[in-house]
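Engineer: For reference, this is data-v6.txt, and it has compact mmCIF, C-alpha atoms.
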# COMPACT_ATOMS: atom_id res chain seq x y z
CA MET A 1 0.00 0.00 0.00
CA ASP A 2 1.48 3.32 -1.01
CA ASN A 3 0.92 6.65 0.75
CA ARG A 4 -1.92 7.69 -1.55
CA GLN A 5 -3.89 4.55 -0.68
CA ALA A 6 -3.19 4.98 3.03
CA LEU A 7 -4.26 8.63 3.00
CA GLY A 8 -7.34 7.98 0.87
CA SER A 9 -8.52 4.92 2.79
CA TRP A 10 -10.75 7.02 5.03
CA LEU A 11 -13.05 7.62 2.04
CA SER A 12 -14.11 3.98 1.86
CA GLY A 13 -13.98 3.35 5.60
CA PRO A 14 -11.80 1.27 7.87
CA ARG A 15 -13.34 -2.07 6.86
CA ALA A 16 -12.65 -1.53 3.16
CA ALA A 17 -9.11 -0.36 3.94
CA MET A 18 -8.46 -3.48 6.01
CA GLU A 19 -9.90 -5.74 3.29
CA ASP A 20 -7.63 -4.06 0.74
CA ALA A 21 -4.72 -4.81 3.07
CA GLY A 22 -5.65 -8.51 3.03
CA ALA A 23 -7.85 -8.95 6.12
CA ASP A 24 -10.76 -11.37 5.74
CA PHE A 25 -13.83 -10.40 7.76
CA GLY A 26 -16.20 -12.91 6.22
CA TYR A 27 -19.88 -12.17 5.75
CA ARG A 28 -22.42 -10.87 8.26
CA GLY A 29 -23.52 -13.66 10.55
CA GLU A 30 -20.66 -16.03 9.78
CA GLN A 31 -19.41 -15.91 13.39
CA LEU A 32 -22.94 -16.77 14.55
CA GLY A 33 -23.22 -19.79 12.26
CA LEU A 34 -25.88 -18.22 10.04
CA PRO A 35 -26.06 -18.53 6.24
CA GLU A 36 -24.77 -15.74 4.04
CA SER A 37 -28.06 -15.18 2.20
CA GLY A 38 -31.61 -16.48 2.04
CA PRO A 39 -33.79 -17.67 4.94
CA GLY A 40 -32.02 -17.59 8.29
CA SER A 41 -29.47 -14.96 7.23
CA ILE A 42 -28.93 -11.69 9.08
CA ALA A 43 -31.60 -9.08 8.29
CA ARG A 44 -30.33 -6.06 6.40
CA PRO A 45 -30.68 -2.57 7.91
CA GLY A 46 -33.16 -1.39 5.26
CA ARG A 47 -35.65 -4.12 6.07
CA ARG A 48 -35.20 -3.59 9.78
CA LEU A 49 -35.85 0.15 9.49
CA GLY A 50 -38.86 -0.49 7.28
CA ALA A 51 -40.33 -2.90 9.82
CA LEU A 52 -39.66 -0.41 12.61
CA ALA A 53 -41.40 2.35 10.65
CA VAL A 54 -44.47 0.16 10.06
CA ASP A 55 -44.64 -0.84 13.73
CA TRP A 56 -44.25 2.75 14.91
CA GLY A 57 -46.86 3.95 12.43
CA LEU A 58 -49.36 1.34 13.64
CA CYS A 59 -48.74 2.28 17.27
CA LEU A 60 -49.10 5.97 16.48
CA LEU A 61 -52.35 5.29 14.62
CA ILE A 62 -53.73 3.32 17.57
CA ALA A 63 -52.74 6.05 20.03
CA TYR A 64 -54.13 8.79 17.81
CA GLY A 65 -57.41 7.10 17.03
CA LEU A 66 -58.27 5.25 20.22
CA ILE A 67 -56.64 7.05 23.13
CA THR A 68 -55.85 10.72 22.59
CA ASP A 69 -58.21 11.67 19.74
CA GLY A 70 -55.72 14.19 18.38
CA TYR A 71 -52.03 14.60 17.84
CA GLY A 72 -49.82 16.01 20.58
CA GLN A 73 -47.08 15.01 22.99
CA ALA A 74 -49.45 12.64 24.75
CA THR A 75 -49.99 10.78 21.48
CA SER A 76 -46.26 10.08 21.13
CA ASN A 77 -46.00 8.94 24.74
CA TRP A 78 -48.96 6.58 24.34
CA ALA A 79 -47.52 5.33 21.04
CA LEU A 80 -44.25 4.46 22.79
CA LEU A 81 -46.13 2.55 25.48
CA ILE A 82 -48.16 0.68 22.86
CA PHE A 83 -44.95 -0.04 20.92
CA PHE A 84 -43.36 -1.47 24.08
CA VAL A 85 -46.34 -3.68 24.96
CA THR A 86 -46.79 -4.86 21.37
CA GLY A 87 -43.08 -5.66 21.03
CA VAL A 88 -42.93 -7.63 24.27
CA LEU A 89 -46.09 -9.60 23.55
CA THR A 90 -45.55 -10.36 19.87
CA VAL A 91 -41.79 -10.96 19.89
CA GLY A 92 -42.05 -12.93 23.14
CA THR A 93 -44.73 -15.26 21.73
CA LEU A 94 -44.51 -15.27 17.93
CA GLY A 95 -40.98 -14.01 17.32
CA PHE A 96 -42.05 -11.05 15.20
CA THR A 97 -44.09 -7.85 15.25
CA PRO A 98 -46.57 -6.98 12.49
CA GLY A 99 -43.93 -4.85 10.73
CA LYS A 100 -41.30 -7.58 10.95
CA ARG A 101 -43.75 -10.11 9.53
CA LEU A 102 -44.61 -7.77 6.68
CA PHE A 103 -40.93 -7.40 5.81
CA GLY A 104 -40.18 -11.12 6.25
CA LEU A 105 -38.13 -10.86 9.45
CA ARG A 106 -38.06 -12.83 12.68
CA VAL A 107 -36.24 -12.43 16.01
CA VAL A 108 -34.57 -15.62 17.25
CA ALA A 109 -32.45 -16.43 20.29
CA LEU A 110 -28.93 -17.56 19.48
CA ASP A 111 -28.96 -20.56 21.78
CA THR A 112 -32.54 -21.89 21.63
CA GLY A 113 -33.97 -20.42 18.44
CA THR A 114 -37.07 -19.05 20.17
CA VAL A 115 -37.35 -15.83 22.12
CA ASN A 116 -38.81 -16.17 25.60
CA PRO A 117 -40.82 -13.30 27.11
CA MET A 118 -37.96 -12.14 29.38
CA ARG A 119 -35.58 -11.73 26.45
CA ALA A 120 -38.31 -9.95 24.53
CA LEU A 121 -38.84 -7.64 27.50
CA LEU A 122 -35.13 -6.76 27.71
CA ARG A 123 -34.79 -6.36 23.93
CA THR A 124 -37.86 -4.14 23.60
CA ALA A 125 -36.97 -2.00 26.63
CA LEU A 126 -33.53 -1.33 25.14
CA LEU A 127 -35.07 -0.70 21.72
CA CYS A 128 -37.36 1.95 23.25
CA LEU A 129 -34.32 3.77 24.64
CA ALA A 130 -33.28 4.37 20.99
CA LEU A 131 -29.52 4.50 21.67
CA PRO A 132 -28.71 0.75 21.88
CA PRO A 133 -30.03 0.00 18.35
CA LEU A 134 -27.67 2.64 16.96
CA ILE A 135 -24.59 0.80 18.27
CA TRP A 136 -23.89 -2.10 15.88
CA ASP A 137 -21.35 -4.88 15.87
CA ARG A 138 -19.58 -6.46 12.91
CA ASP A 139 -22.56 -8.69 12.17
CA GLY A 140 -25.00 -5.78 12.09
CA ARG A 141 -26.65 -6.63 15.41
CA GLY A 142 -27.60 -3.73 17.63
CA LEU A 143 -26.59 -3.53 21.26
CA HIS A 144 -30.18 -4.42 22.23
CA ASP A 145 -29.84 -7.71 20.32
CA ARG A 146 -26.41 -8.46 21.75
CA LEU A 147 -27.52 -7.95 25.36
CA ALA A 148 -30.67 -10.04 24.85
CA LYS A 149 -28.63 -12.70 22.96
CA THR A 150 -30.95 -12.48 19.98
CA VAL A 151 -30.57 -11.88 16.26
CA GLU A 152 -33.01 -10.63 13.63
CA VAL A 153 -33.05 -12.96 10.62
CA ARG A 154 -34.91 -13.28 7.35
CA ILE A 155 -37.78 -15.75 7.18
With the file now loaded, output its structure as C-alpha cells.
Structural biologist:
Amino acid sequence: MDNRQALGSWLSGPRAAMEDAGADFGYRGEQLGLPESGPGSIARPGRRLGALAVDWGLCLLIAYGLITDGYGQATSNWALLIFFVTGVLTVGTLGFTPGKRLFGLRVVALDTGTVNPMRALLRTALLCLALPPLIWDRDGRGLHDRLAKTVEVRI
C-alpha cells in the first residue's frame, strides 16, 4: 500500500481499507453460524428500518385514534407505550411484530432459536431507549440484540 492509498482509505472506511490490506472479515452472521443469504441470514438494515417504521406507524395510529383523539405530545407517549407492549407480547410469543412479519423478518435467540418473554422484555426495553439499536457490531446486530442474545433474521 502506497501513501496515496493509506491517506485515501478514510473515504471507503476502515473495513474496506483493512480488506484491501488482506484482512478477511467474512460475511455478516458467519461468526454466529448463520447462512450468508436467504432464509435464516442476518436481516439487512433497510428491512429492519422499514419494519420499525411500520410498527411505529401502527402504534401511532392506535394512540391517535383510540386514546388521545388528536395529535400532541401525549400521542407520542402513548404510542411508545403501545410499541413497548406490542413488542414484548408479539416478539415474546410469535418471534415477530406486524412490521417484521410484513418485511419477512423474525427475532430468534442464538442458543434456543425461540425468544422467551424475558428476552423480549429486555430487547424491547432497550429498543425503546433508541440508543442501543444505533450501536452495531460487525454482524449488524444492535446492542439491544447483543444484550438479549438475539438476532433478527430473514424468514
Engineer: What is the atom CA of Leu129 of chain A-atom CA of His144 of chain A distance in Å, reported with one decimal?
Structural biologist: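 About the pair atom CA of Leu129 of chain A and atom CA of His144 of chain A: they are 9.5 Å apart.
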Engineer: Got a sec: who's within 9 Å of segment 86-101 of chain A, counting only C-alpha atoms, leaving out chain neighbours fewer than 6 positions off, as a VMD selection string?
Structural biologist: chain A and resid 47 to 48 50 to 56 58 to 59 107 to 108 114 to 125 155
Engineer: My list of candidates is A:Ala148, A:Leu126, A:Val153, A:Ala109. Which is closest to Ala43 of chain A when distances are computed with all atoms listed in the file?
Structural biologist: A:Val153
Engineer: Return as lines of an AutoDock Vina configuration file the box centre and box size in Å, one decimal, for an axis-aligned box around all listed atoms of segment 111-117 of chain A padded by 4 Å per side.
Structural biologist:
center_x = -34.9
center_y = -17.6
center_z = 22.8
size_x = 19.9
size_y = 16.6
size_z = 16.7
Engineer: May I ask for the distance between atom CA of Pro45 of chain A and atom CA of Val85 of chain A, given in Å to one decimal place?
Structural biologist: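 Going from atom CA of Pro45 of chain A over to atom CA of Val85 of chain A covers 23.2 Å.
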Engineer: What does the structure give for the distance between atom CA of Pro133 of chain A and atom CA of Arg44 of chain A, in Å to one decimal?
Structural biologist: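 Separation between atom CA of Pro133 of chain A and atom CA of Arg44 of chain A: 13.4 Å.
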Engineer: Got a sec: who's within 12 Å of Leu60 of chain A, counting all atoms listed in the file, leaving out chain neighbours fewer than 6 positions off, as a list of chain:residue names?
Structural biologist: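 So the residues in contact are A:Ala53, A:Val54, A:Leu66, A:Ile67, A:Thr68, A:Asp69, A:Gly70, A:Tyr71, A:Gly72, A:Gln73, A:Ala74, A:Thr75, A:Ser76, A:Asn77, A:Trp78, A:Ala79, A:Leu80, A:Leu81, A:Ile82, A:Phe83.
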Engineer: Within 9 Å of segment 24-34 of chain A, which residues of segment 87-152 of chain A show up? Give each one with its shortest atom-to-atom distance in Å (one decimal) and the two atoms involved, counting all atoms listed in the file, rows by chain then rising residue number, as a Markdown table.
Structural biologist:
| residue | atom | partner | partner_atom | distance |
| --- | --- | --- | --- | --- |
| A:Leu110 | CA | A:Leu32 | CA | 7.8 |
| A:Arg138 | CA | A:Arg28 | CA | 7.0 |
| A:Asp139 | CA | A:Arg28 | CA | 4.5 |
| A:Gly140 | CA | A:Arg28 | CA | 6.9 |
